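Single-structure report; data block below.
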Amino acid sequence: MLPARPGCPFWKAASRACRTAVLALAVTAAGPALAQEDSRWNVSGYGTAGVTSQSGAEGWRFLRNSAQAAADGRTSATPDSRAGLQLNWSRGPQWDAALQVVAMKKPPGAPLSDSLEWAYLSHRPDASWRLRLGRINPDLFLYADSRNVGYGLPWARPPVDFYGFAPLAAVDGLDVERQWSSGDGEWRGRLTAGSFSISGIDTRGQRFGIRGRETLALGLSREEGGLLLKASYLRTRLAMGAPPELLLLRDGLSQLAALPVPGLAHAIGPLQHNLWIGGPVSYRGFGAQYERGPWTIAAEASDLSVPGSPLNARRGYVSLGYRHKTVTYFALASRVVPRKPAPEVPDLMTPLTPVIGAPAAAAAQQLAGYAGAAAVLYRYDQSTVGAGLRWDLLPNAAVKLQVDRFKVHANGSAGWVHGDGRAARGTLYSVVFDFVWGQ
Amino acid sequence: MRLAARSARRGCVALLLGLATWTGRALAAEPIYVVVSTRSPVSTATQKEVLALFTGRSRTLAGGAPATPLDQQRDGATRAAFYQALTGMDIARINSYWARLHFTGQVQPPQALGDDASVIERLRADPGAIGYVAKEPADASMRVVLRLP
């Protein structure tokens with residue numbers, strides 16, 4: 001069993017060893033390899049030009065994913081437009097490397113390194129095993145690994161209720177993958193270890209840092225005929241870069257909880273937990289996709305466990321598609337349900353007034369009110385039903401139209417910038433043009 | 001103004017529904033031959049094995065023999081006919097499938113060669129490769145391991 005204590009010498013040593021191994025492998029393998037005649041280079045790319053128009057949820061801005069900028073108006077090209085460039089190199093069937101950069105509107109102030117999607121060196125000792133080092137993707141989702149590649153998706157975008165808070169797309173570390181056959185099925189298992197550092201966007205539209213340490217992910221999939229099944233697990237230690245106001249609230253609550261008033265710490269405890277800024281996180285996911293003739297059905301379910309935090313939630317979606325000639329018609333429904341009720345603000349006036357006086361007790365009550373309101377902003381509780389079509393007008397380009405009807409429940413607007421905790425309903429209209437080249 | 005927007009929206013929907021009935025290029029149901037070098041240990045292959053190999057699900061053929069798949073021109077008729085016969089999917093769906101794999105570092109698509117002659121030439125040089133051609137090869141150094149459809 002791996003030690004889990006933060007800052008543990010094991011992890012530091014492993015991290016150093018990993019970096020040394022990457023460097024050594026890159027130098028020993030890539031150096032002579034570049035001189036080989038059978039080296040193969042390939043440049044390819046993808047892009048999406050899209051416009052989304054929102055009605056309802058006045059004052060809120062649509063957020064496709066918490067790792068990018070939100071819509072800059074009720075009609076905006078920001079959520080879906082992006083471009084990616086990928087460089088691949090291979091030498092025979094054993095060695096290859098890839099680097100991909102993505103241009104899209106990120107949260108303000110996001111570092112350039114956020115645009116580096118993958119950069120890895122891969123070695124296949126035989127047809128069954130593969131080892132990769134560098135910035136790599138853990139095999140967690142049916143579609144989110146390719147969330148930016150619109151052309152690879154049936155919809156205008158991956159279902160937001162499911163993928164909107166799944167900022168993890170890459171880990172700096174290593175993975176080991178094995179492919180094998182059993183009966184009529186083709187299996188693939190991938191174990192990934194490393195760390196990550198990315199930018200997220202808060203409900204005010206401001207950037208905050210997200211760091212994950214001691215990340216361990218396992219993906220297992222089986223394909224047979226048109227059926228793909230996938231199960232995944234991830235655990236990590238997250239540290240969220242909290243805004244100063246949140247830290248002040250946390251400090252204020254800690255000071256209140258320290259007062260020698262019976263039951264006070266117990267009453268304030270849940271509020272303190274809701275202002276979560278880091279700790280162990282685990283993710284479990286299961287996905288299935290079935291293709292038969294013109295029909296495709298896909299579904300995923302996940303459970304994000306963030307002990308004590310309002311981020312704790314279960315997510316799921318189901319999508320049905322039917323292809324006729326060059327057009328695929330689709331419908332989808334998705335839902336994110338928080339695992340905890342919205343935090344309640346305890347009555348502090350009654351126990352505190354005799355101890356610290358009415359004015360100070362009122363100030364403490366106000367502080368608790370702010371803390372409750374802040375905690376609500378991290379809570380996801382919404383559902384969406386949508387329908388649309390994808391028209392493959394060229395073998396490498398598609399146009400998609402999509403209409404989504406969304407319903408945000410009270411105290412569940414974390415998926416929106418400027419979401420204020422009110423319940424809201426509305427509609428999103430989307431038109432996107434996706435393409436790939438050089439693949 | 002609202003009426004105009006509604007008309008425009010209706011027009012847009014009608015146009016797209018019209019396009020939906022547009023029939024794609026009919027693919028000729030000519031046979032496609034999956035071939036290897038006679039120096040290859042592979043003497044025959046099932047459609048399921050070839051499908052797994054050309055969709056990146058597997059890297060071996062029967063008996064665990066490693067095989068490197070070779071594609072033809074990305075926008076060529078032979079490639080479209082091959083994948084239609086192999087998977088039942090049109091080329092746009094195949095390209096979309098490969099886009100998901102290629103741009104997420106899962107698997108690289110098979111190397112694309114220009115035509116039948118280029119495939120034959122590569123197979124002669126690489127007994128571990130497997131390709132497909134539109135015309136049954138007369139070359140004695142080639143072995144047909146599967147005929148589609």
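Naming scheme: A, B, ... for chains in displayed order of the structure tokens; residues 1 onward per chain; ligands 1 onward as shown.
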Give me the residues near Trp295 in chain A as a list in words, where near means some atom within 9 Å (using only C-alpha atoms) and where sequence neighbours in that chain fewer than 4 positions away do not count.
Tyr290, Glu291, Leu320, Gly321, Tyr322 and Arg323 of chain A
Check range 166-415 of chain A with DSSP on the backbone and list each residue it calls helix (DSSP H, G or I), as a PDB file with C-alpha atoms, in the first residue's frame.
```pdb
ATOM      1  CA  PRO A 244      -8.776  35.802   0.449  1.00  0.00           C
ATOM      2  CA  GLU A 245     -12.415  36.427   1.398  1.00  0.00           C
ATOM      3  CA  LEU A 246     -12.979  32.706   1.849  1.00  0.00           C
ATOM      4  CA  LEU A 247      -9.879  32.378   4.014  1.00  0.00           C
ATOM      5  CA  LEU A 248     -11.104  35.281   6.166  1.00  0.00           C
ATOM      6  CA  LEU A 249     -14.455  33.568   6.606  1.00  0.00           C
ATOM      7  CA  ARG A 250     -12.714  30.340   7.605  1.00  0.00           C
ATOM      8  CA  ASP A 251     -10.566  32.209  10.147  1.00  0.00           C
ATOM      9  CA  GLY A 252     -13.589  34.003  11.538  1.00  0.00           C
ATOM     10  CA  LEU A 253     -15.501  30.749  11.986  1.00  0.00           C
ATOM     11  CA  SER A 254     -12.478  29.123  13.667  1.00  0.00           C
ATOM     12  CA  GLN A 255     -12.275  31.971  16.176  1.00  0.00           C
ATOM     13  CA  LEU A 256     -15.988  31.688  16.896  1.00  0.00           C
ATOM     14  CA  ALA A 257     -15.757  27.937  17.334  1.00  0.00           C
ATOM     15  CA  LEU A 264     -21.055  26.258  19.624  1.00  0.00           C
ATOM     16  CA  ALA A 265     -18.236  24.343  17.918  1.00  0.00           C
ATOM     17  CA  HIS A 266     -20.705  21.590  17.030  1.00  0.00           C
ATOM     18  CA  ALA A 267     -23.114  24.127  15.479  1.00  0.00           C
ATOM     19  CA  ILE A 268     -20.423  25.866  13.438  1.00  0.00           C
ATOM     20  CA  GLY A 269     -18.606  22.670  12.359  1.00  0.00           C
ATOM     21  CA  PRO A 270     -20.745  21.914   9.268  1.00  0.00           C
ATOM     22  CA  LEU A 271     -20.288  25.469   8.001  1.00  0.00           C
ATOM     23  CA  GLN A 272     -16.531  25.201   8.416  1.00  0.00           C
ATOM     24  CA  HIS A 273     -16.489  21.934   6.473  1.00  0.00           C
ATOM     25  CA  ASN A 274     -18.455  23.531   3.674  1.00  0.00           C
ATOM     26  CA  MET A 349     -27.613  34.980  18.622  1.00  0.00           C
ATOM     27  CA  THR A 350     -29.206  32.877  21.380  1.00  0.00           C
ATOM     28  CA  PRO A 351     -26.069  31.170  22.699  1.00  0.00           C
ATOM     29  CA  LEU A 352     -23.681  34.097  22.084  1.00  0.00           C
ATOM     30  CA  THR A 353     -25.623  37.130  23.328  1.00  0.00           C
ATOM     31  CA  PRO A 354     -25.214  36.294  27.049  1.00  0.00           C
ATOM     32  CA  VAL A 355     -21.483  35.696  26.513  1.00  0.00           C
ATOM     33  CA  ILE A 356     -20.278  38.440  24.151  1.00  0.00           C
ATOM     34  CA  ALA A 358     -25.870  41.484  21.434  1.00  0.00           C
ATOM     35  CA  PRO A 359     -23.813  43.623  18.980  1.00  0.00           C
ATOM     36  CA  ALA A 360     -20.958  41.084  18.813  1.00  0.00           C
ATOM     37  CA  ALA A 361     -23.429  38.200  18.580  1.00  0.00           C
ATOM     38  CA  ALA A 362     -25.157  39.944  15.651  1.00  0.00           C
ATOM     39  CA  ALA A 363     -21.791  40.309  13.925  1.00  0.00           C
ATOM     40  CA  ALA A 364     -21.106  36.607  14.500  1.00  0.00           C
ATOM     41  CA  GLN A 365     -24.526  35.754  13.072  1.00  0.00           C
ATOM     42  CA  GLN A 366     -23.747  37.875  10.021  1.00  0.00           C
ATOM     43  CA  LEU A 367     -20.425  36.091   9.568  1.00  0.00           C
ATOM     44  CA  ALA A 368     -22.191  32.730   9.676  1.00  0.00           C
ATOM     45  CA  GLY A 369     -24.666  34.012   7.099  1.00  0.00           C
ATOM     46  CA  TYR A 370     -21.855  34.979   4.737  1.00  0.00           C
ATOM     47  CA  ALA A 371     -20.208  31.592   5.234  1.00  0.00           C
ATOM     48  CA  GLY A 372     -23.447  29.808   4.384  1.00  0.00           C
ATOM     49  CA  ALA A 373     -23.906  31.914   1.255  1.00  0.00           C
ATOM     50  CA  ALA A 374     -20.304  31.285   0.183  1.00  0.00           C
ATOM     51  CA  ALA A 375     -20.639  27.529   0.668  1.00  0.00           C
ATOM     52  CA  VAL A 376     -23.733  27.424  -1.527  1.00  0.00           C
TER      53      VAL A 376
END
```
Mind pulling up the distance from CA of Pro159 in chain A to CA of Pro307 in chain A?
24.8 Å
Residues of chain B that have any atom at most 7 Å from an atom of chain A: could you tabulate them with the shortest-distance atom pair and the distance in Å to one decimal, using only C-alpha atoms, ordered by chain and increasing number, as a tab-separated table?
```
residue	atom	partner	partner_atom	distance
B:Ala20	CA	A:Val327	CA	5.4
B:Thr23	CA	A:Lys325	CA	5.9
B:Gly24	CA	A:Lys325	CA	6.2
B:Arg57	CA	A:Glu186	CA	6.4
B:Arg59	CA	A:Ala127	CA	5.6
B:Thr60	CA	A:Ala127	CA	6.7
B:Pro66	CA	A:Ala127	CA	6.1
B:Ile91	CA	A:Pro395	CA	6.3
B:Ala92	CA	A:Pro395	CA	4.6
B:Asn95	CA	A:Asn396	CA	6.8
B:Ser96	CA	A:Gly152	CA	4.5
B:Tyr97	CA	A:Gly152	CA	6.1
B:Ala99	CA	A:Gly152	CA	5.3
B:Arg100	CA	A:Gly152	CA	4.9
B:Phe103	CA	A:Ser146	CA	6.8
B:Thr104	CA	A:Ser146	CA	5.8
```
Just to be explicit: take each residue in the selection above, keep N, CA and C atoms, and write the result as a PDB file, in the first residue's frame.
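Listed below is the output, again.pdb:
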```pdb
ATOM      1  N   ALA B  20     -30.392  16.578 -44.382  1.00  0.00           N
ATOM      2  CA  ALA B  20     -30.379  15.248 -43.776  1.00  0.00           C
ATOM      3  C   ALA B  20     -30.769  14.175 -44.777  1.00  0.00           C
ATOM      4  N   THR B  23     -28.208  12.234 -49.876  1.00  0.00           N
ATOM      5  CA  THR B  23     -27.599  10.901 -49.827  1.00  0.00           C
ATOM      6  C   THR B  23     -26.106  11.004 -50.065  1.00  0.00           C
ATOM      7  N   GLY B  24     -25.356  10.371 -49.202  1.00  0.00           N
ATOM      8  CA  GLY B  24     -23.906  10.352 -49.345  1.00  0.00           C
ATOM      9  C   GLY B  24     -23.507   9.561 -50.574  1.00  0.00           C
ATOM     10  N   ARG B  57      -8.074  -1.562 -31.292  1.00  0.00           N
ATOM     11  CA  ARG B  57      -8.416  -2.312 -30.083  1.00  0.00           C
ATOM     12  C   ARG B  57      -7.404  -3.401 -29.778  1.00  0.00           C
ATOM     13  N   ARG B  59      -3.394  -5.209 -31.116  1.00  0.00           N
ATOM     14  CA  ARG B  59      -2.175  -5.035 -31.917  1.00  0.00           C
ATOM     15  C   ARG B  59      -1.642  -6.380 -32.396  1.00  0.00           C
ATOM     16  N   THR B  60      -2.478  -7.416 -32.224  1.00  0.00           N
ATOM     17  CA  THR B  60      -2.036  -8.746 -32.642  1.00  0.00           C
ATOM     18  C   THR B  60      -3.132  -9.444 -33.438  1.00  0.00           C
ATOM     19  N   PRO B  66       2.180 -10.181 -33.545  1.00  0.00           N
ATOM     20  CA  PRO B  66       2.023  -8.736 -33.684  1.00  0.00           C
ATOM     21  C   PRO B  66       1.838  -8.355 -35.151  1.00  0.00           C
ATOM     22  N   ILE B  91     -17.245   6.738 -43.737  1.00  0.00           N
ATOM     23  CA  ILE B  91     -15.898   7.233 -43.454  1.00  0.00           C
ATOM     24  C   ILE B  91     -15.905   8.387 -42.453  1.00  0.00           C
ATOM     25  N   ALA B  92     -16.987   9.169 -42.417  1.00  0.00           N
ATOM     26  CA  ALA B  92     -17.055  10.267 -41.444  1.00  0.00           C
ATOM     27  C   ALA B  92     -17.088   9.712 -40.021  1.00  0.00           C
ATOM     28  N   ASN B  95     -13.622   8.462 -39.227  1.00  0.00           N
ATOM     29  CA  ASN B  95     -12.710   9.572 -38.941  1.00  0.00           C
ATOM     30  C   ASN B  95     -12.990  10.183 -37.565  1.00  0.00           C
ATOM     31  N   SER B  96     -14.259  10.257 -37.212  1.00  0.00           N
ATOM     32  CA  SER B  96     -14.631  10.792 -35.901  1.00  0.00           C
ATOM     33  C   SER B  96     -14.107   9.869 -34.793  1.00  0.00           C
ATOM     34  N   TYR B  97     -14.257   8.579 -35.014  1.00  0.00           N
ATOM     35  CA  TYR B  97     -13.755   7.582 -34.045  1.00  0.00           C
ATOM     36  C   TYR B  97     -12.251   7.735 -33.865  1.00  0.00           C
ATOM     37  N   ALA B  99     -10.446  10.323 -34.539  1.00  0.00           N
ATOM     38  CA  ALA B  99     -10.115  11.630 -33.950  1.00  0.00           C
ATOM     39  C   ALA B  99     -10.090  11.520 -32.437  1.00  0.00           C
ATOM     40  N   ARG B 100     -11.066  10.792 -31.876  1.00  0.00           N
ATOM     41  CA  ARG B 100     -11.105  10.617 -30.416  1.00  0.00           C
ATOM     42  C   ARG B 100      -9.858   9.902 -29.912  1.00  0.00           C
ATOM     43  N   PHE B 103      -6.310  12.139 -30.944  1.00  0.00           N
ATOM     44  CA  PHE B 103      -6.065  13.388 -30.224  1.00  0.00           C
ATOM     45  C   PHE B 103      -6.106  13.221 -28.703  1.00  0.00           C
ATOM     46  N   THR B 104      -6.262  11.992 -28.232  1.00  0.00           N
ATOM     47  CA  THR B 104      -6.143  11.771 -26.794  1.00  0.00           C
ATOM     48  C   THR B 104      -4.977  10.848 -26.486  1.00  0.00           C
TER      49      THR B 104
END
```
Rounded to one decimal in Å, what is the spacing between CA of Leu377 in chain A and CA of Ala342 in chain A?
10.0 Å
Please list as a VMD selection string every residue within 7 Å of range 64-79 of chain A, counting only C-alpha atoms and excluding residues in the same chain fewer than 6 positions away.
chain A and resid 50 to 54 105 to 107 160 163 to 165 167 199 to 201 417
Could you save the residues just selected, with C-alpha atoms, as a short mmCIF file (atom, residue, chain, number, x, y, z; two decimals), in the first residue's frame?
```cif
data_model
loop_
_atom_site.label_atom_id
_atom_site.label_comp_id
_atom_site.auth_asym_id
_atom_site.auth_seq_id
_atom_site.Cartn_x
_atom_site.Cartn_y
_atom_site.Cartn_z
CA GLY A 50 -19.16 27.74 -32.23
CA VAL A 51 -21.74 30.20 -31.00
CA THR A 52 -24.02 29.68 -28.01
CA SER A 53 -27.03 31.77 -27.15
CA GLN A 54 -28.63 31.67 -23.70
CA LYS A 105 -10.20 31.27 -23.79
CA LYS A 106 -8.92 30.27 -20.36
CA PRO A 107 -9.72 31.86 -16.99
CA VAL A 160 -22.07 19.92 -18.96
CA TYR A 163 -18.20 17.00 -17.44
CA GLY A 164 -18.56 20.62 -16.29
CA PHE A 165 -16.69 19.92 -13.08
CA PRO A 167 -11.13 19.78 -14.85
CA SER A 199 -6.57 26.70 -13.38
CA GLY A 200 -10.22 26.76 -12.49
CA ILE A 201 -12.75 29.54 -12.64
CA VAL A 417 -20.43 32.29 -13.47
#
```
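If only C-alpha atoms are the atoms counted, then among A:Pro310, A:Gly421, A:Gly205, A:Gly173 the closest residue to Leu191 in chain A is A:Gly173.
When CA of Asp75 in chain B is paired with CA of Gly388 in chain A, their separation reads 27.0 Å.
When only C-alpha atoms are used to compute distances to Leu51 in chain B, the closest of the residues B:Leu86, B:Ala77, B:Ala65, B:Ile120 turns out to be B:Leu86.
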Run DSSP on the backbone of this structure and report the residues of range 228-435 of chain A it assigns to strand (DSSP E), as a ChimeraX atom specification.
/A:228-240,278-292,295-305,313-324,327-338,380-394,397-413,416-417,424-435
